[in-house]
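Okay, structure first, notes after.
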Amino acid sequence: MAKRNYYAPQGGHPPQTQLLSDRAVFTEAYAVIPKGVMRDIVTSNLPFWDKTRLWVLSRPLSGFAETFSQYIMEVSPEGGSDKPEPDPMAEGVLFIVEGELTLTLAGETHLMQPGGYAFLPPGTSWQAHNRSEAPVRFHWVRKAYERVEGIEVPAAFVTNENDIEPTAMPDTDEKWMTTRFVDPEDVRHDMHVNIVTFQPGAVIPFDETHVMEHGLYVLEGKAVYHLNQDWVEVEAGDFMWLRAFCPQACYAGGPGPFRYLLYKDVNRHMKLGGVGPR
């Protein structure tokens with residue numbers, strides 16, 4: 001098994017001598033939040049979380065990406081929460097990038113380390129604490145679960161990327177792989193949070209243009225992304241936020257693998273609000 005690298009922000013503040021020019025951009029179709037803007041000054045706090053701060057990468061935004069929020073959480077030693085999720089309709093995914101998180105799920109304790117992944121259905125009883133001597137940093141992706149009559153809500157589970165065999169895209173000589181944490185055919189799930197891996201030189205050879213919204217956090221490596229006719233360089237620690245139907249493709253730049261954590265909404269009818277009487 002290849003050694004996994006996961007970029008995690010450290011905060012801090014740049015010196016007054018630094019040039020303010022950067023790669024941050026927000027357009028009608030996509031946004032790029034480069035790692036250099038994830039500083040102390042833009043962190044936030046949450047109710048019922050002790051010794052914790054977070055960077056908000058995305059939030060539902062009218063007219064843009066509306067289905068999800070994504071945080072990078074930083075929990076200091078002895079920090080955490082007994083009441084982490086205030087919304088009974090919210091499902092969540094946790095993905096550990098640095099340190100150790102003690103997750104208690106329906107009374108069962110799990111020690112989550114880098115690569116650790118947890119799916120949390122709506123209404124789940126869970127608690128999260130840092131029992132170690134160093135900060136733990138992890139992604140928390142949240143979405144309002146869309147219930148469907150006759151289809152049960154999926155169960156909670158905890159796993160690790162290292163325990164899952166990636167799936168190769170056809171005709172790519174295993175240079176484009178996806179680590180899937182849930183079965184794509186399982187319609188109980190209305191969101192997927194996967195890991196996509198490209199070897200140096202691998203490409204998405206066409207502009208994907210589809211209804212799914214995306215959050216892409218670069219875990220490792222670098223690439224050039226084609227977003228709505230713009231070429232954008234990205235590297236480990238950057239976040240891309242894509243509206244539905246934003247054209248997207250990429251070249252992996254090397255010298256090592258290019259890997260990202262990918263959110264997308266799936267498996268539900270399109271809402272038809274606002275179409276008028278029938």
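So you can find residues: chains in the structure tokens are A, B, ... in the order shown, residues in each start at 1, and ligands are numbered from 1 in order.
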Quiz prompt | Contact residues around Ala134 of chain A with only C-alpha atoms at 12 Å, ignoring same-chain residues under 6 positions, as number ranges by chain | solution = A: 74-79, 98-101
Practice problem: Output as a PyMOL selection string all residues of segment 50-277 of chain A that backbone DSSP marks as strand (DSSP E). | Solution: chain A and resi 50-58+68-81+90-98+101-105+108-112+116-120+126-129+136-144+157-160+167-168+176-179+191-198+203-208+214-220+222-227+230-235+239-242+248-252+258-265
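Rounded to one decimal, atom CA of Phe138 of chain A and atom CA of Thr197 of chain A lie 19.1 Å from each other.
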Practice problem: Name the residues of segment 13-221 of chain A that fall into helix (DSSP H, G or I) according to DSSP on the backbone, using the chain letters and numbers of this document, as a VMD selection string. | Solution: chain A and resid 35 to 37 40 to 42 161 to 163
Give me, as a Markdown table, each residue of segment 14-90 of chain A that comes within 12 Å of segment 256-267 of chain A, together with its shortest interatomic pair and the distance in Å at one decimal, counting only C-alpha atoms, with rows ordered by chain and rising residue number.
| residue | atom | partner | partner_atom | distance |
| --- | --- | --- | --- | --- |
| A:Ser58 | CA | A:Tyr263 | CA | 11.1 |
| A:Ala65 | CA | A:Asp265 | CA | 10.5 |
| A:Glu66 | CA | A:Asp265 | CA | 10.2 |
| A:Thr67 | CA | A:Asp265 | CA | 7.3 |
| A:Phe68 | CA | A:Asp265 | CA | 8.4 |
| A:Ser69 | CA | A:Tyr263 | CA | 9.9 |
| A:Gln70 | CA | A:Tyr263 | CA | 9.1 |
Hey, what's within 7 Å of Gly123 of chain A if we count only C-alpha atoms and toss same-chain stuff fewer than 2 positions away? As a short mmCIF file (atom, residue, chain, number, x, y, z; two decimals) with N, CA and C atoms, in the first residue's frame, please?
data_model
loop_
_atom_site.label_atom_id
_atom_site.label_comp_id
_atom_site.auth_asym_id
_atom_site.auth_seq_id
_atom_site.Cartn_x
_atom_site.Cartn_y
_atom_site.Cartn_z
N PRO A 88 -31.31 18.05 12.99
CA PRO A 88 -31.70 16.64 12.93
C PRO A 88 -31.88 16.12 11.50
N MET A 89 -31.94 17.03 10.52
CA MET A 89 -32.09 16.61 9.13
C MET A 89 -30.75 16.43 8.42
N PRO A 121 -25.66 9.29 9.36
CA PRO A 121 -27.00 9.58 8.86
C PRO A 121 -27.69 10.66 9.70
N SER A 125 -26.81 9.68 16.87
CA SER A 125 -26.18 10.08 18.12
C SER A 125 -24.67 9.86 18.00
#
Quiz item: Got a sec: who's within 10 Å of Gly63 of chain A, counting only C-alpha atoms, leaving out chain neighbours fewer than 3 positions off, as a PyMOL selection string?
Solution: chain A and resi 28-29+60+66+243
Could those selected residues go to a file with all heavy atoms, as a PDB file, in the first residue's frame?
ATOM      1  N   GLU A  28     -19.265  33.116 -11.506  1.00  0.00           N
ATOM      2  CA  GLU A  28     -20.648  32.638 -11.491  1.00  0.00           C
ATOM      3  C   GLU A  28     -20.737  31.124 -11.591  1.00  0.00           C
ATOM      4  O   GLU A  28     -21.791  30.542 -11.315  1.00  0.00           O
ATOM      5  CB  GLU A  28     -21.432  33.277 -12.637  1.00  0.00           C
ATOM      6  CG  GLU A  28     -20.941  32.878 -14.017  1.00  0.00           C
ATOM      7  CD  GLU A  28     -21.738  33.506 -15.142  1.00  0.00           C
ATOM      8  OE1 GLU A  28     -22.563  34.393 -14.849  1.00  0.00           O
ATOM      9  OE2 GLU A  28     -21.527  33.110 -16.301  1.00  0.00           O
ATOM     10  N   ALA A  29     -19.643  30.466 -11.983  1.00  0.00           N
ATOM     11  CA  ALA A  29     -19.679  29.016 -12.202  1.00  0.00           C
ATOM     12  C   ALA A  29     -18.806  28.228 -11.238  1.00  0.00           C
ATOM     13  O   ALA A  29     -19.056  27.049 -11.008  1.00  0.00           O
ATOM     14  CB  ALA A  29     -19.257  28.691 -13.639  1.00  0.00           C
ATOM     15  N   PRO A  60     -24.349  26.425   1.558  1.00  0.00           N
ATOM     16  CA  PRO A  60     -25.392  26.628   0.562  1.00  0.00           C
ATOM     17  C   PRO A  60     -25.551  28.110   0.256  1.00  0.00           C
ATOM     18  O   PRO A  60     -25.647  28.936   1.162  1.00  0.00           O
ATOM     19  CB  PRO A  60     -26.637  26.046   1.244  1.00  0.00           C
ATOM     20  CG  PRO A  60     -26.092  25.021   2.190  1.00  0.00           C
ATOM     21  CD  PRO A  60     -24.806  25.611   2.702  1.00  0.00           C
ATOM     22  N   GLU A  66     -25.922  24.832  -3.849  1.00  0.00           N
ATOM     23  CA  GLU A  66     -26.960  24.973  -2.840  1.00  0.00           C
ATOM     24  C   GLU A  66     -27.170  23.746  -1.958  1.00  0.00           C
ATOM     25  O   GLU A  66     -28.025  23.777  -1.072  1.00  0.00           O
ATOM     26  CB  GLU A  66     -28.282  25.331  -3.528  1.00  0.00           C
ATOM     27  CG  GLU A  66     -28.204  26.631  -4.326  1.00  0.00           C
ATOM     28  CD  GLU A  66     -29.507  26.982  -5.028  1.00  0.00           C
ATOM     29  OE1 GLU A  66     -30.325  26.064  -5.214  1.00  0.00           O
ATOM     30  OE2 GLU A  66     -29.697  28.152  -5.372  1.00  0.00           O
ATOM     31  N   ARG A 243     -20.362  24.935  -9.249  1.00  0.00           N
ATOM     32  CA  ARG A 243     -21.799  24.989  -9.439  1.00  0.00           C
ATOM     33  C   ARG A 243     -22.225  23.884 -10.409  1.00  0.00           C
ATOM     34  O   ARG A 243     -21.423  23.372 -11.192  1.00  0.00           O
ATOM     35  CB  ARG A 243     -22.145  26.359 -10.020  1.00  0.00           C
ATOM     36  CG  ARG A 243     -23.613  26.656 -10.196  1.00  0.00           C
ATOM     37  CD  ARG A 243     -23.788  28.067 -10.717  1.00  0.00           C
ATOM     38  NE  ARG A 243     -25.187  28.412 -10.917  1.00  0.00           N
ATOM     39  CZ  ARG A 243     -25.609  29.607 -11.295  1.00  0.00           C
ATOM     40  NH1 ARG A 243     -24.730  30.582 -11.508  1.00  0.00           N
ATOM     41  NH2 ARG A 243     -26.904  29.850 -11.454  1.00  0.00           N
TER      42      ARG A 243
END
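Interatomic distance, atom CA of Pro14 of chain A to atom CA of Val37 of chain A: 9.5 Å.
Proximity to Val158 of chain A was assessed for A:Phe198, A:Trp241, A:Tyr6, A:Phe119 counting only C-alpha atoms; the smallest distance is recorded for A:Phe119.
Minimum distance to Asn194 of chain A across A:Pro135, A:Pro47, A:Pro247, A:Gly115 (counting only C-alpha atoms) occurs at A:Gly115.
Closest approach to Leu216 of chain A from the set A:Phe239, A:Trp140, A:Tyr7, A:Trp231 is made by A:Phe239, with distances taken over only C-alpha atoms.
For the set A:Asp238, A:Glu146, A:Asp171, A:Glu185, the residue with the smallest atom-to-atom gap to Ala90 of chain A is A:Glu146, counting only C-alpha atoms.
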Self-check item: Surrounding residues of segment 224-228 of chain A excluding itself and chain neighbours under 3 positions, 6 Å, only C-alpha atoms, as an MDAnalysis selection string
Solution: chainID A and resid 231:233 246:251
Self-check item: Which residue of A:Lys35, A:His110, A:His192, A:His210 approaches Thr179 of chain A most closely, using only C-alpha atoms
Solution: A:His192
Exercise. Go through A:Asp87, A:Asp50, A:Asp230, A:Glu152 one by one, measure the shortest atom-to-atom distance of each to Arg188 of chain A using only C-alpha atoms, and give the residue with the smallest value.
Key: A:Glu152
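One finds atom CA of Gly92 of chain A at 20.4 Å from atom CA of Asn162 of chain A.
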Exercise. Considering only C-alpha atoms, return as a ChimeraX atom specification whatever protein or nucleic-acid residues lie within 9 Å of Arg180 of chain A, sequence-local ones (same chain, fewer than 6 positions apart) excluded.
Key: /A:161,164-167,192-196
